[in-house]
Amino acid sequence: MLRKPRILVVGSFMMDLIATATRVPELGETIIGTGFKTAPGGKGANQAVQAARLGAQVDMAGCVGCDSFGRELTDAIKAAGVNADHVKLSSLHPSGVGHIEIQITEDGAQNRIIVTPGANYDLTPADLAFLESSIKDYDIVIMQLELTMEVTKYVARIAHENGVPVMLNPAPAAPLDDELLSCVTYLSPNETEAALLSGVPAAAEGRLYDEQLEAISGVLRTKGVPNVMITLGDNGSVVCSDKGIERTACVKMTDVVDPTAAGDSFVGAFCTGIAAGLPTADALAFASHAAAITVCGMGAIPSLPTIDKVQALMVERNFTGFDPSILDALK
């Protein structure tokens with residue numbers, strides 16, 4: 001029987017400025033775009049909202065500026081049911097911004113993103129002192145790398161010392177020391193990030209096959225990470241652990257619009273599933289269906305699906321790994 005989990009997300013807020021075009025400009029070139037919009041996002045906010053829309057009880061800690069973007073970002077997570085009591089307002093810097101270029105062609109959509117952290121870097125360990133007494137209230141803690149490394153290490157250490165699982169989504173890619181990795185329960189890089197973190201090169205065409213996956217898992221598990229979850233694009237995803245390599249297929253959609261928050265949707269859904277009591281393989285499949293819906297909407301937070309939409313897609317695709325109706329326990 002599944003249960004509604006309680007999840008803490010310590011992460012970033014970014015207001016996404018999204019420009020679409022049939023191709024991206026070369027250096028020094030100006031092109032005419034096909035559309036523009038703003039949408040609330042940031043890897044932390046995305047993952048928090050996704051978990052909340054899938055039925056988890058979610059608290060978020062982060063920092064926004066004292067500006068209109070900050071108000072909109074905070075309102076967006078509250079509207080999704082995320083508790084924002086631990087979101088700090090900073091007068092030192094403006095709210096973080098993500099500048100997103102999306103190239104849309106008949107072959108699909110691809111993006112390029114520049115993130116300006118702004119107020120996200122104003123969050124300090126002192127702002128998170130409440131965790132010293134309340135960290136055990138959570139079933140899992142989710143983090144990314146859009147805050148300072150000092151904050152990330154502080155939260156990971158407290159959670160690990162108190163037996164609370166830690167999900168670290170190592171994006172944007174950055175060097176991670178052994179001290180941090182030894183506190184991480186689930187590490188969720190994509191193919192590129194996995195190769196960079198482990199030092200294991202991908203195959204000639206940039207793909208990771210079983211040989212590379214086993215080598216990457218070996219390196220990272222030696223550093224103390226028991227579960228390495230790697231997203232493989234169209235080739236689905238894997239979790240490498242002491243049980244070996246567990247795979248799940250990509251749920252492919254025909255109407256891809258914006259892939260920006262797909263990875264965040266995947267992480268938020270996986271953590272919700274695992275914390276609710278799903279086995280690893282089932283949590284991966286659950287996450288794959290959530291991410292598939294996400295790429296069909298424009299903007300990060302606006303595209304993240306509810307539990308009802310994920311269940312409906314699982315039924316539509318005749319998913320048989322488990323009965324989607326058991327997810328009713330999360331509602």
# chains A, B, ... in the order shown; residues from 1 in each chain; ligands from 1

call {"tool": "residues_around", "arguments": {"residues": "Ala312 (chain A)", "least_positions_apart": "6", "cutoff": "12 Å", "atoms": "only C-alpha atoms", "output": "list in words"}}
result
Phe286, His289, Ala290, Ile293, Pro305, Thr306, Asn318, Phe319, Asp323, Pro324, Ser325, Leu327 and Asp328 of chain A

call {"tool": "residues_around", "arguments": {"residues": "Ile100 (chain A)", "least_positions_apart": "3", "cutoff": "7 Å", "atoms": "only C-alpha atoms", "output": "list in words"}}
result
Asp16, Leu17, Ile18, Ala19, Asn111, Arg112, Ile113 and Ile114 of chain A

call {"tool": "write_last_selection", "arguments": {"atoms": "all heavy atoms", "output": "short mmCIF file (atom, residue, chain, number, x, y, z; two decimals), in the first residue's frame"}}
result
data_model
loop_
_atom_site.label_atom_id
_atom_site.label_comp_id
_atom_site.auth_asym_id
_atom_site.auth_seq_id
_atom_site.Cartn_x
_atom_site.Cartn_y
_atom_site.Cartn_z
N ASP A 16 12.05 31.80 -16.10
CA ASP A 16 12.51 31.40 -17.44
C ASP A 16 12.03 32.40 -18.49
O ASP A 16 10.83 32.71 -18.57
CB ASP A 16 12.01 30.00 -17.78
CG ASP A 16 12.66 28.92 -16.92
OD1 ASP A 16 13.74 29.19 -16.36
OD2 ASP A 16 12.10 27.82 -16.82
N LEU A 17 12.96 32.88 -19.28
CA LEU A 17 12.67 33.76 -20.42
C LEU A 17 12.88 32.92 -21.66
O LEU A 17 14.02 32.59 -22.01
CB LEU A 17 13.58 34.98 -20.40
CG LEU A 17 13.73 35.71 -19.05
CD1 LEU A 17 14.70 36.87 -19.17
CD2 LEU A 17 12.37 36.17 -18.54
N ILE A 18 11.79 32.55 -22.33
CA ILE A 18 11.83 31.50 -23.35
C ILE A 18 11.60 32.08 -24.74
O ILE A 18 10.54 32.64 -25.03
CB ILE A 18 10.74 30.43 -23.07
CG1 ILE A 18 10.84 29.95 -21.62
CG2 ILE A 18 10.86 29.27 -24.04
CD1 ILE A 18 9.60 29.21 -21.14
N ALA A 19 12.60 31.92 -25.61
CA ALA A 19 12.48 32.34 -27.01
C ALA A 19 12.52 31.11 -27.89
O ALA A 19 13.38 30.23 -27.72
CB ALA A 19 13.61 33.29 -27.39
N ASN A 111 16.87 22.47 -26.66
CA ASN A 111 17.03 23.75 -25.98
C ASN A 111 18.48 24.04 -25.62
O ASN A 111 19.32 23.15 -25.54
CB ASN A 111 16.15 23.82 -24.73
CG ASN A 111 16.49 22.74 -23.71
OD1 ASN A 111 17.45 22.00 -23.86
ND2 ASN A 111 15.68 22.65 -22.67
N ARG A 112 18.74 25.34 -25.41
CA ARG A 112 20.00 25.82 -24.85
C ARG A 112 19.62 26.76 -23.71
O ARG A 112 18.71 27.57 -23.85
CB ARG A 112 20.82 26.59 -25.88
CG ARG A 112 21.34 25.74 -27.03
CD ARG A 112 22.17 26.59 -27.98
NE ARG A 112 22.72 25.83 -29.07
CZ ARG A 112 23.50 26.33 -30.02
NH1 ARG A 112 23.80 27.63 -30.00
NH2 ARG A 112 23.97 25.57 -30.99
N ILE A 113 20.32 26.65 -22.57
CA ILE A 113 19.92 27.41 -21.38
C ILE A 113 21.14 28.08 -20.75
O ILE A 113 22.17 27.44 -20.55
CB ILE A 113 19.24 26.50 -20.34
CG1 ILE A 113 18.04 25.77 -20.96
CG2 ILE A 113 18.80 27.31 -19.13
CD1 ILE A 113 17.40 24.75 -20.03
N ILE A 114 20.99 29.36 -20.43
CA ILE A 114 21.95 30.07 -19.60
C ILE A 114 21.24 30.47 -18.31
O ILE A 114 20.20 31.13 -18.35
CB ILE A 114 22.50 31.33 -20.30
CG1 ILE A 114 23.24 30.96 -21.59
CG2 ILE A 114 23.44 32.10 -19.35
CD1 ILE A 114 23.70 32.17 -22.39
#

call {"tool": "atom_distance", "arguments": {"atom1": "CA of Ala276 (chain A)", "atom2": "CA of Ile326 (chain A)"}}
result
10.9 Å

call {"tool": "closest_residue", "arguments": {"among": "A:Ile32, A:Ala159, A:Val251, A:Val238", "to": "Glu316 (chain A)", "atoms": "only C-alpha atoms"}}
result
A:Val251

call {"tool": "select_by_dssp", "arguments": {"residues": "region 12-128 of chain A", "states": "helix (DSSP H, G or I)", "output": "PyMOL selection string"}}
result
chain A and resi 43-53+68-79+118-122+125-128

call {"tool": "write_last_selection", "arguments": {"atoms": "N, CA, C and O atoms", "output": "short mmCIF file (atom, residue, chain, number, x, y, z; two decimals), in the first residue's frame"}}
result
data_model
loop_
_atom_site.label_atom_id
_atom_site.label_comp_id
_atom_site.auth_asym_id
_atom_site.auth_seq_id
_atom_site.Cartn_x
_atom_site.Cartn_y
_atom_site.Cartn_z
N LYS A 43 15.39 24.54 -11.24
CA LYS A 43 15.36 23.09 -11.03
C LYS A 43 14.71 22.72 -9.70
O LYS A 43 13.94 21.76 -9.62
N GLY A 44 15.01 23.48 -8.65
CA GLY A 44 14.41 23.16 -7.36
C GLY A 44 12.91 23.35 -7.35
O GLY A 44 12.15 22.47 -6.92
N ALA A 45 12.46 24.51 -7.85
CA ALA A 45 11.02 24.77 -7.89
C ALA A 45 10.30 23.77 -8.77
O ALA A 45 9.21 23.29 -8.43
N ASN A 46 10.89 23.43 -9.91
CA ASN A 46 10.28 22.44 -10.80
C ASN A 46 10.08 21.11 -10.10
O ASN A 46 9.01 20.49 -10.17
N GLN A 47 11.13 20.64 -9.44
CA GLN A 47 11.06 19.34 -8.78
C GLN A 47 10.08 19.35 -7.61
O GLN A 47 9.35 18.37 -7.38
N ALA A 48 10.03 20.47 -6.90
CA ALA A 48 9.08 20.58 -5.79
C ALA A 48 7.64 20.55 -6.29
O ALA A 48 6.78 19.84 -5.74
N VAL A 49 7.37 21.32 -7.34
CA VAL A 49 6.01 21.38 -7.88
C VAL A 49 5.61 20.01 -8.46
O VAL A 49 4.48 19.55 -8.25
N GLN A 50 6.55 19.35 -9.16
CA GLN A 50 6.20 18.05 -9.70
C GLN A 50 5.84 17.06 -8.61
O GLN A 50 4.83 16.34 -8.71
N ALA A 51 6.62 17.02 -7.55
CA ALA A 51 6.30 16.11 -6.45
C ALA A 51 4.96 16.44 -5.82
O ALA A 51 4.16 15.55 -5.51
N ALA A 52 4.67 17.73 -5.66
CA ALA A 52 3.39 18.13 -5.06
C ALA A 52 2.22 17.77 -5.96
O ALA A 52 1.17 17.30 -5.47
N ARG A 53 2.35 17.98 -7.26
CA ARG A 53 1.25 17.65 -8.18
C ARG A 53 1.02 16.15 -8.27
O ARG A 53 -0.06 15.71 -8.70
N SER A 68 9.35 41.52 -8.70
CA SER A 68 8.13 40.90 -9.24
C SER A 68 8.36 39.45 -9.62
O SER A 68 7.46 38.61 -9.44
N PHE A 69 9.54 39.11 -10.12
CA PHE A 69 9.83 37.72 -10.43
C PHE A 69 9.79 36.87 -9.17
O PHE A 69 9.27 35.75 -9.17
N GLY A 70 10.34 37.39 -8.08
CA GLY A 70 10.35 36.65 -6.82
C GLY A 70 8.94 36.35 -6.34
O GLY A 70 8.64 35.24 -5.88
N ARG A 71 8.07 37.35 -6.44
CA ARG A 71 6.67 37.14 -6.02
C ARG A 71 5.99 36.11 -6.91
O ARG A 71 5.25 35.24 -6.43
N GLU A 72 6.22 36.20 -8.22
CA GLU A 72 5.59 35.26 -9.14
C GLU A 72 6.09 33.84 -8.92
O GLU A 72 5.32 32.87 -8.97
N LEU A 73 7.40 33.69 -8.67
CA LEU A 73 7.97 32.37 -8.45
C LEU A 73 7.42 31.74 -7.17
O LEU A 73 7.03 30.56 -7.15
N THR A 74 7.33 32.52 -6.11
CA THR A 74 6.80 32.00 -4.85
C THR A 74 5.32 31.67 -4.97
O THR A 74 4.86 30.62 -4.48
N ASP A 75 4.57 32.52 -5.65
CA ASP A 75 3.14 32.26 -5.85
C ASP A 75 2.92 30.97 -6.65
O ASP A 75 1.96 30.23 -6.41
N ALA A 76 3.82 30.70 -7.61
CA ALA A 76 3.67 29.52 -8.47
C ALA A 76 3.79 28.22 -7.67
O ALA A 76 3.01 27.28 -7.87
N ILE A 77 4.75 28.15 -6.75
CA ILE A 77 4.88 26.91 -5.98
C ILE A 77 3.76 26.79 -4.96
O ILE A 77 3.27 25.69 -4.69
N LYS A 78 3.34 27.91 -4.39
CA LYS A 78 2.22 27.87 -3.44
C LYS A 78 0.95 27.37 -4.12
O LYS A 78 0.18 26.59 -3.54
N ALA A 79 0.73 27.83 -5.35
CA ALA A 79 -0.48 27.42 -6.10
C ALA A 79 -0.50 25.91 -6.34
O ALA A 79 -1.57 25.32 -6.49
N GLY A 118 21.61 34.75 -9.40
CA GLY A 118 21.05 35.86 -8.63
C GLY A 118 20.86 35.51 -7.17
O GLY A 118 21.77 35.04 -6.49
N ALA A 119 19.65 35.74 -6.66
CA ALA A 119 19.36 35.56 -5.23
C ALA A 119 19.50 34.12 -4.76
O ALA A 119 19.63 33.88 -3.55
N ASN A 120 19.51 33.15 -5.66
CA ASN A 120 19.68 31.77 -5.23
C ASN A 120 20.96 31.58 -4.42
O ASN A 120 21.00 30.78 -3.48
N TYR A 121 22.00 32.32 -4.78
CA TYR A 121 23.28 32.20 -4.08
C TYR A 121 23.30 32.93 -2.74
O TYR A 121 24.29 32.87 -2.02
N ASP A 122 22.22 33.63 -2.41
CA ASP A 122 22.15 34.33 -1.13
C ASP A 122 21.64 33.44 0.00
O ASP A 122 21.64 33.84 1.16
N PRO A 125 23.73 28.37 4.96
CA PRO A 125 23.41 27.35 5.95
C PRO A 125 22.66 27.90 7.16
O PRO A 125 21.79 27.21 7.71
N ALA A 126 22.94 29.14 7.53
CA ALA A 126 22.24 29.73 8.68
C ALA A 126 20.74 29.84 8.43
O ALA A 126 19.93 29.73 9.37
N ASP A 127 20.34 30.02 7.16
CA ASP A 127 18.92 30.10 6.82
C ASP A 127 18.23 28.74 6.95
O ASP A 127 16.99 28.68 6.95
N LEU A 128 19.01 27.69 7.06
CA LEU A 128 18.47 26.33 7.09
C LEU A 128 18.67 25.67 8.45
O LEU A 128 18.56 24.45 8.57
#

call {"tool": "residues_around", "arguments": {"residues": "Pro302 (chain A)", "least_positions_apart": "2", "cutoff": "10 Å", "atoms": "only C-alpha atoms", "output": "ChimeraX atom specification"}}
result
/A:39-41,46,49,76,261,294,297-300,304-305

call {"tool": "write_last_selection", "arguments": {"atoms": "N, CA and C atoms", "output": "mmCIF file, in the first residue's frame"}}
result
data_model
loop_
_atom_site.group_PDB
_atom_site.id
_atom_site.type_symbol
_atom_site.label_atom_id
_atom_site.label_comp_id
_atom_site.auth_asym_id
_atom_site.auth_seq_id
_atom_site.Cartn_x
_atom_site.Cartn_y
_atom_site.Cartn_z
ATOM 1 N N ALA A 39 7.998 32.024 -17.906
ATOM 2 C CA ALA A 39 7.370 30.966 -17.119
ATOM 3 C C ALA A 39 8.199 30.724 -15.866
ATOM 4 N N PRO A 40 7.556 30.530 -14.721
ATOM 5 C CA PRO A 40 8.309 30.230 -13.502
ATOM 6 C C PRO A 40 8.986 28.876 -13.607
ATOM 7 N N GLY A 41 10.207 28.797 -13.056
ATOM 8 C CA GLY A 41 10.943 27.543 -13.106
ATOM 9 C C GLY A 41 12.086 27.539 -12.109
ATOM 10 N N ASN A 46 10.892 23.427 -9.911
ATOM 11 C CA ASN A 46 10.280 22.440 -10.804
ATOM 12 C C ASN A 46 10.084 21.107 -10.099
ATOM 13 N N VAL A 49 7.369 21.322 -7.335
ATOM 14 C CA VAL A 49 6.009 21.377 -7.884
ATOM 15 C C VAL A 49 5.610 20.014 -8.458
ATOM 16 N N ALA A 76 3.825 30.695 -7.612
ATOM 17 C CA ALA A 76 3.670 29.516 -8.470
ATOM 18 C C ALA A 76 3.790 28.223 -7.668
ATOM 19 N N ALA A 261 11.931 21.143 -18.744
ATOM 20 C CA ALA A 261 11.790 20.624 -17.374
ATOM 21 C C ALA A 261 11.628 19.107 -17.314
ATOM 22 N N THR A 294 5.482 16.157 -19.666
ATOM 23 C CA THR A 294 6.108 17.465 -19.475
ATOM 24 C C THR A 294 6.638 18.051 -20.778
ATOM 25 N N GLY A 297 4.374 20.350 -23.141
ATOM 26 C CA GLY A 297 3.879 21.668 -22.756
ATOM 27 C C GLY A 297 4.990 22.690 -22.792
ATOM 28 N N MET A 298 4.638 23.953 -22.985
ATOM 29 C CA MET A 298 5.624 25.030 -23.022
ATOM 30 C C MET A 298 5.827 25.602 -21.628
ATOM 31 N N GLY A 299 7.091 25.817 -21.253
ATOM 32 C CA GLY A 299 7.405 26.363 -19.946
ATOM 33 C C GLY A 299 7.612 25.260 -18.925
ATOM 34 N N ALA A 300 8.375 25.564 -17.888
ATOM 35 C CA ALA A 300 8.732 24.550 -16.904
ATOM 36 C C ALA A 300 7.566 24.175 -16.003
ATOM 37 N N LEU A 304 4.257 20.732 -15.951
ATOM 38 C CA LEU A 304 4.393 19.578 -15.063
ATOM 39 C C LEU A 304 3.027 18.950 -14.780
ATOM 40 N N PRO A 305 2.890 17.634 -14.963
ATOM 41 C CA PRO A 305 1.565 16.998 -14.883
ATOM 42 C C PRO A 305 1.103 16.670 -13.467
#

call {"tool": "closest_residue", "arguments": {"among": "A:Arg207, A:Lys4, A:Lys136, A:Arg23", "to": "Glu191 (chain A)", "atoms": "only C-alpha atoms"}}
result
A:Arg207

call {"tool": "atom_distance", "arguments": {"atom1": "CA of Ala281 (chain A)", "atom2": "CA of His160 (chain A)"}}
result
23.8 Å
